[in-house]
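Trainee: Please find one structure pasted underneath; my questions will follow.
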Amino acid sequence: MDADRATRTEATLRNADVVMAPERLGAMHQTRISFVRTLIRKMAQQQWKVSKQEWQLCPQGFGHVIYKLATPHHVYHLVVFCDQIADNERNDRVIAEKWDVTFALVYGYVDVSLLEKLRSNVPLQEAGRNPNNVLVLARANKSVRVFEHIVSHLAKGVQPNPKDLADVGYILRTTAVYGNGKFGIADFKLLEKNPDFEQSFSAQMCAVYLLRAFSLDWVNYLAIQRGGEQATELHSELQRYLGVGNATGLGMAPYLINHPCVVDQWMTTRETALAAVLDGATEVDKLAPLQVLLQKAIRHLEQVMTINETQQKLNAIAVGELKNLHENLVTLVEQSQCWRDLFVHSQHLSLETQEILAACLMELYPELVDVYQEQMNCDETLSLPSGKKIQDLLLTLEKNYRWAINTDFSLAENQYWFWYRSQDKEEPRLGVRGEEPGDDRESLLDIGRQANRLYHALLGQAPELSLVEFLVQYPQYRTIARRVWTMGHKAMGDIQMNVLHKASLPMHLLRCKLSMFGATTFDPRSDRWVRVTFFQGAPLLDEIHAQTAKDDWLFPLLPNHNELLNNEQPLGSKGL
Amino acid sequence: MIVSHNELVAAVNKAFLGMRRSCGEADIIANMVADLQIVGLHGVRHFNNASAFMGLENDCPADIKVTGENTIEVDLHNCSLACYLPVVMDYAIEKMVGFKSLKIEINNCHNRWLAYSELVKLAAKGIACTAKWDNGSAPNRTLYVLNCGRITPELFLSDEVNDSDQRLHDMSIELSVRDFDVARLSEGYSMHVDPNTFAQAQNSAWKNGIFIEDAQWSTLKQTATAILVENSEQSVKGAGGLS
């Protein structure tokens, strides 16, 4: 981090102890600089064009489809393969070997030879090898219930029941979206100077957005195949409401631990954007839009379907608090000189509510916030400068790693879990230490424990001793020393979570990353798996092409009765 | 076999972590291997050679002593250079403060080709470096020279054996704030690979993928499985069920 930024941000950013606490990371929501929001704005502003190049599906919907994406700079193609699989083969875990849909985002054009190569490899996913003009490799499964419900209704010429769609929110659910060189595809380095996808994960987000377009085209196509002239298209409001689902498991958690600079960059950028808003004076003409956003958040949370009782309770608490905040907003804003005053006033509320308010406030000021959307990349080097002494690193640890050095790792509960990778497709898993085999091959995600051990080793040394001389004698500490020094001198630093603790919830890590991506509708299926939706409420391709896309899809809502009646397509019998 | 940089780094990282050594840093070693492979200098082969012995090597700190005003001597106890070079270079840079040059004599070490990455990093920071060593088989003598700011080295090789002063398990590194006289240093070396050749190889690998011999990649992937835990009914539950 440069000195200028450090000086500028230290005064206004929330403290790292607040932001990087796991429970707060686990309460994060989409903001307008989440990656999906940035992508859609870019697509609309730069008038990206998407067109169907090939539609080679049989009447049952199996075969392949190719979409062309033309930006002002380059041409890409999304190649989608749809295969018939048995219901018992449909598995969202990484150990699955068959999927309803597999797809690849390709740089440039797809000739016959490349198509055949992709056909032989993309459906195999991890077991295939793809050329390095493939930017993204991914797969998705159907929500069978929603898929059948939509197609059967459209085939009969009626719209599906909105309530049934709201229970799920998507037609297809991705189970892995690979980029950055995985399984031989293009390294991110190749995209660093590409103006379309120079921001990390933007190519992956784009592939998922195009998959959403495909999922809508697919159900409309199958409805016609099944219903002929009687069939109708899915109502555009319902199309917009449907996103792409995503099932994310433990596999995402190691990324956040193993890429601390990236996480710091994301969080620092988000906090800097938030601070830019909070430092501004309250404005009367922002009151009404803020009320609308809070109302949207309330309705969104009320519409979220989750089987997870904890999340249900958190959502219910947030709804109650947001209603109260909404009722008292006029008074609260009048009493506030700047937005920070209002924000500080909310600090007694639940973390969900606080983070929703943060997202809403950021939404009010695109001119202040959107400039940060291009600041998500960073140098990931972890290094130690020359000339440092033991006392310098001790100071860094005491200032930034209290959460680690104050933990007593001799207590069994503080190192209850061990993380490891299974021989089964290298799937990350958790085992109970001392009870399950594999702790001798434990993944080194125990940053808190390593920092703690480093601290105690340093305490045994003379404070004036050169750090380098210490590391010559104790080279086993060099990796964690590099990390502690580097992260300890960044604005947000490491995630403050002992992932070995018996009560630690990997879910918090998953939600942090997913919300930076821009996921909504968090539906934890256990403490290690979550289902979310991407691009729910996002403009449709037609709207992007017609320059009518609206950038207002924070907290997506099921279309209301009037919105659905403003169209001649007949509605289903049950819903409205 | 064509692989991506990320794929290569991940494989070496896992392979090294699977050795469960105290000395040596997986992320740095992974980049040492990738940096060497990407310029066509067989990083994976050198790592595979190293990994065959790492499990048998001492896992203890290097012995470093200052033997003169600007000379340090390092004993690696017949271990791989990859596990120690970063900390040795940190030490050397600190000792170099106030001097214009520094000589590092590294004794009893293996896998000297893997020094490439650390030397390139130093050159980028404005410190010129040379590294030279003798080998029991061809090429019998090797010299890297990286003057300040260079991102790829001049490489000199020779099959002539220096009978009088052969040090088959040692390496000499020299650091300087001034550029080296490449012509003088390279006298007696019969083969020369210029920096542009490496730069071109690097650019091509980024663009088209990194070439690795199939057998070497297969060995590396096999080594990388050491960290994996066998599957079981109990283990499957450790991923957390999906309803």
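Just so we're on the same page: first chain in the structure tokens is A, next is B, and so on; residues restart at 1 for each chain, and ligands are numbered from 1 in the order they show up.
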Please provide the set of residues having any atom within 8 Å of Ala124 of chain B, restricted to only C-alpha atoms, with same-chain residues fewer than 3 positions apart removed, written as a ChimeraX atom specification.

Mentor: /B:120-121,127,148-151

Trainee: Residues of chain B near chain A: apply a cut-off of 6 Å, count only C-alpha atoms, and supply the list as a list in words.

Mentor: Val3, Ser4, Asn6, Glu7, Ser22, Cys23, Pro61, Tyr91, Ile227, Leu228, Val229, Glu230, Asn231, Gly238, Ala239 and Gly240 of chain B

Trainee: Apply DSSP to the structure's backbone, then extract all residues of segment 2-199 of chain B labelled alpha helix (DSSP H) and return them as a PyMOL selection string.

Mentor: chain B and resi 5-17+26-38+43-54+85-96+116-124+182-185+195-199

Trainee: Per residue of segment 113-204 of chain B within 12 Å of segment 46-59 of chain B, note the shortest atom pair and the distance in Å to one decimal, counting only C-alpha atoms, and order the rows by chain and increasing residue number, as a Markdown table.

Mentor:
```
| residue | atom | partner | partner_atom | distance |
| --- | --- | --- | --- | --- |
| B:Trp113 | CA | B:His46 | CA | 7.3 |
| B:Leu114 | CA | B:His46 | CA | 7.3 |
| B:Ala115 | CA | B:His46 | CA | 11.0 |
| B:Tyr116 | CA | B:His46 | CA | 11.7 |
```

Trainee: Which residues are near Cys109 of chain B? Cut-off 6 Å, only C-alpha atoms, ignore same chain within fewer than 4 positions. Put them as a PyMOL selection string.

Mentor: chain B and resi 76+78-81+169-170

Trainee: Those selected residues, please, written with N, CA and C atoms and delivered as a short mmCIF file (atom, residue, chain, number, x, y, z; two decimals), in the first residue's frame.

Mentor:
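Below you can see part27.cif, which holds the result:
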```
data_model
loop_
_atom_site.label_atom_id
_atom_site.label_comp_id
_atom_site.auth_asym_id
_atom_site.auth_seq_id
_atom_site.Cartn_x
_atom_site.Cartn_y
_atom_site.Cartn_z
N LEU B 76 25.38 -25.59 3.61
CA LEU B 76 23.99 -26.07 3.53
C LEU B 76 23.86 -27.55 3.88
N ASN B 78 24.69 -30.34 2.57
CA ASN B 78 24.26 -31.21 1.47
C ASN B 78 22.75 -31.15 1.20
N CYS B 79 22.18 -30.00 1.45
CA CYS B 79 20.74 -29.83 1.20
C CYS B 79 20.51 -29.04 -0.09
N SER B 80 19.24 -29.00 -0.46
CA SER B 80 18.88 -28.27 -1.68
C SER B 80 18.97 -26.76 -1.44
N LEU B 81 19.59 -26.10 -2.39
CA LEU B 81 19.71 -24.64 -2.33
C LEU B 81 18.34 -23.97 -2.26
N HIS B 169 29.96 -29.39 -5.37
CA HIS B 169 28.75 -29.18 -4.57
C HIS B 169 28.72 -27.80 -3.93
N ASP B 170 29.40 -26.87 -4.57
CA ASP B 170 29.48 -25.51 -4.04
C ASP B 170 28.97 -24.53 -5.09
#
```

Trainee: Between A:Thr353, A:Phe214, A:Ala519, A:Leu191, single out the one closest to Lys207 of chain B, counting only C-alpha atoms.

Mentor: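 Answer, going by the shortest atom-to-atom distance: A:Leu191.
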
Trainee: So how far away is atom CA of Leu509 of chain A from atom CA of Val177 of chain A, in Å?

Mentor: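 Going from atom CA of Val177 of chain A over to atom CA of Leu509 of chain A covers 17.6 Å.
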
Trainee: Would you return as a PyMOL selection string the members of segment 44-202 of chain B that DSSP assigns to strand (DSSP E or B) on this structure's backbone?

Mentor: chain B and resi 63-68+71-80+101-110+128-134+141-146+154-158+171-176+191-193

Trainee: Using C-alpha atoms, can you export the residues from the last selection as a PDB file, in the first residue's frame?

Mentor:
```pdb
ATOM      1  CA  ASP B  63      25.473 -22.364   8.983  1.00  0.00           C
ATOM      2  CA  ILE B  64      26.448 -18.874   7.945  1.00  0.00           C
ATOM      3  CA  LYS B  65      29.604 -17.042   8.960  1.00  0.00           C
ATOM      4  CA  VAL B  66      31.222 -13.821   7.927  1.00  0.00           C
ATOM      5  CA  THR B  67      34.708 -14.731   6.783  1.00  0.00           C
ATOM      6  CA  GLY B  68      35.948 -11.352   5.655  1.00  0.00           C
ATOM      7  CA  THR B  71      32.615 -12.314   2.178  1.00  0.00           C
ATOM      8  CA  ILE B  72      30.258 -14.747   3.794  1.00  0.00           C
ATOM      9  CA  GLU B  73      30.448 -18.511   3.799  1.00  0.00           C
ATOM     10  CA  VAL B  74      27.418 -20.772   3.989  1.00  0.00           C
ATOM     11  CA  ASP B  75      27.241 -24.483   4.687  1.00  0.00           C
ATOM     12  CA  LEU B  76      23.988 -26.066   3.526  1.00  0.00           C
ATOM     13  CA  HIS B  77      24.853 -29.550   4.844  1.00  0.00           C
ATOM     14  CA  ASN B  78      24.258 -31.214   1.465  1.00  0.00           C
ATOM     15  CA  CYS B  79      20.741 -29.829   1.201  1.00  0.00           C
ATOM     16  CA  SER B  80      18.877 -28.270  -1.676  1.00  0.00           C
ATOM     17  CA  SER B 101      30.028  -5.740  -3.301  1.00  0.00           C
ATOM     18  CA  LEU B 102      29.708  -8.993  -1.434  1.00  0.00           C
ATOM     19  CA  LYS B 103      30.810 -12.549  -2.122  1.00  0.00           C
ATOM     20  CA  ILE B 104      28.791 -15.527  -0.925  1.00  0.00           C
ATOM     21  CA  GLU B 105      30.443 -18.938  -0.928  1.00  0.00           C
ATOM     22  CA  ILE B 106      27.776 -21.603  -0.575  1.00  0.00           C
ATOM     23  CA  ASN B 107      29.185 -25.022   0.231  1.00  0.00           C
ATOM     24  CA  ASN B 108      27.654 -28.490   0.253  1.00  0.00           C
ATOM     25  CA  CYS B 109      24.505 -27.763  -1.684  1.00  0.00           C
ATOM     26  CA  HIS B 110      22.397 -29.206  -4.497  1.00  0.00           C
ATOM     27  CA  ALA B 128      24.009  -6.900 -10.082  1.00  0.00           C
ATOM     28  CA  CYS B 129      24.787 -10.572  -9.456  1.00  0.00           C
ATOM     29  CA  THR B 130      26.794 -13.444 -10.774  1.00  0.00           C
ATOM     30  CA  ALA B 131      26.483 -17.085  -9.824  1.00  0.00           C
ATOM     31  CA  LYS B 132      28.865 -19.831 -10.890  1.00  0.00           C
ATOM     32  CA  TRP B 133      29.378 -23.466 -10.126  1.00  0.00           C
ATOM     33  CA  ASP B 134      31.032 -26.662 -11.314  1.00  0.00           C
ATOM     34  CA  ARG B 141      30.801 -25.164 -15.591  1.00  0.00           C
ATOM     35  CA  THR B 142      27.920 -22.714 -15.416  1.00  0.00           C
ATOM     36  CA  LEU B 143      27.848 -18.948 -14.994  1.00  0.00           C
ATOM     37  CA  TYR B 144      24.855 -16.623 -14.663  1.00  0.00           C
ATOM     38  CA  VAL B 145      25.434 -12.882 -14.945  1.00  0.00           C
ATOM     39  CA  LEU B 146      22.651 -10.403 -14.240  1.00  0.00           C
ATOM     40  CA  GLU B 154      23.507 -13.928 -19.580  1.00  0.00           C
ATOM     41  CA  LEU B 155      24.156 -17.642 -19.274  1.00  0.00           C
ATOM     42  CA  PHE B 156      27.569 -19.157 -20.001  1.00  0.00           C
ATOM     43  CA  LEU B 157      28.303 -22.866 -20.098  1.00  0.00           C
ATOM     44  CA  SER B 158      31.390 -24.927 -20.592  1.00  0.00           C
ATOM     45  CA  MET B 171      28.370 -22.269  -5.616  1.00  0.00           C
ATOM     46  CA  SER B 172      29.823 -18.773  -5.677  1.00  0.00           C
ATOM     47  CA  ILE B 173      27.532 -15.781  -5.806  1.00  0.00           C
ATOM     48  CA  GLU B 174      28.772 -12.249  -6.102  1.00  0.00           C
ATOM     49  CA  LEU B 175      26.610  -9.184  -5.549  1.00  0.00           C
ATOM     50  CA  SER B 176      27.554  -5.674  -6.558  1.00  0.00           C
ATOM     51  CA  MET B 191      28.546 -21.593 -24.896  1.00  0.00           C
ATOM     52  CA  HIS B 192      26.495 -18.459 -24.406  1.00  0.00           C
ATOM     53  CA  VAL B 193      22.745 -17.925 -24.143  1.00  0.00           C
TER      54      VAL B 193
END
```

Trainee: At a cut-off of 7 Å, using only C-alpha atoms, what residues contact segment 148-160 of chain A? Leave out same-chain residues fewer than 6 positions from it and give the result as a list in words.

Mentor: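 Final neighbour list, sorted by chain and number: Val219, Leu222, Ala223, Ile224, Arg226, Gly227, Gln230, Ala231, Thr232, Glu233, Leu234, His235, Pro570, Leu571 and Gly572 of chain A.
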
Trainee: Residues as selected, N, CA and C atoms, written as a compact mmCIF listing (two decimals), in the first residue's frame, can you do that?

Mentor:
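The result, stored in again25.txt:
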```
# COMPACT_ATOMS: atom_id res chain seq x y z
N VAL A 219 -35.04 -22.43 -21.66
CA VAL A 219 -36.42 -22.78 -21.25
C VAL A 219 -37.43 -22.29 -22.30
N LEU A 222 -37.29 -24.83 -25.13
CA LEU A 222 -37.92 -26.11 -24.82
C LEU A 222 -39.44 -26.00 -24.72
N ALA A 223 -39.89 -24.84 -24.28
CA ALA A 223 -41.35 -24.63 -24.21
C ALA A 223 -41.95 -24.72 -25.61
N ILE A 224 -41.28 -24.13 -26.57
CA ILE A 224 -41.78 -24.19 -27.95
C ILE A 224 -41.70 -25.62 -28.48
N ARG A 226 -41.97 -28.25 -26.84
CA ARG A 226 -42.99 -29.07 -26.18
C ARG A 226 -44.41 -28.60 -26.54
N GLY A 227 -44.58 -27.31 -26.59
CA GLY A 227 -45.95 -26.78 -26.73
C GLY A 227 -46.31 -26.28 -28.11
N GLN A 230 -48.80 -23.15 -29.13
CA GLN A 230 -49.48 -22.80 -27.89
C GLN A 230 -48.51 -22.13 -26.88
N ALA A 231 -47.24 -22.39 -27.08
CA ALA A 231 -46.24 -21.96 -26.08
C ALA A 231 -46.08 -20.45 -26.05
N THR A 232 -45.62 -19.98 -24.90
CA THR A 232 -45.32 -18.56 -24.77
C THR A 232 -43.92 -18.39 -24.18
N GLU A 233 -43.42 -17.16 -24.27
CA GLU A 233 -42.10 -16.87 -23.67
C GLU A 233 -42.25 -16.48 -22.22
N LEU A 234 -41.20 -16.68 -21.46
CA LEU A 234 -41.20 -16.29 -20.06
C LEU A 234 -41.32 -14.77 -19.98
N HIS A 235 -42.18 -14.31 -19.08
CA HIS A 235 -42.41 -12.87 -18.89
C HIS A 235 -41.07 -12.19 -18.59
N PRO A 570 -50.07 -14.40 -20.58
CA PRO A 570 -50.96 -14.90 -19.51
C PRO A 570 -50.17 -15.46 -18.34
N LEU A 571 -50.72 -15.26 -17.15
CA LEU A 571 -50.04 -15.70 -15.94
C LEU A 571 -50.55 -17.07 -15.50
N GLY A 572 -49.74 -17.76 -14.72
CA GLY A 572 -50.10 -19.07 -14.20
C GLY A 572 -51.29 -18.99 -13.25
```

Trainee: Env of segment 548-550 of chain A: 10 Å cut, atoms = only C-alpha atoms, seq-sep filter 2 positions within chain, self excluded. Answer as a VMD selection string.

Mentor: chain A and resid 40 to 41 43 to 45 537 to 546 552 to 553

Trainee: Just the number, please: distance in Å from atom CA of Lys313 of chain A to atom CA of Asn15 of chain A, one decimal.

Mentor: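 Taking atom CA of Lys313 of chain A as the start and atom CA of Asn15 of chain A as the end point, the length is 27.1 Å.
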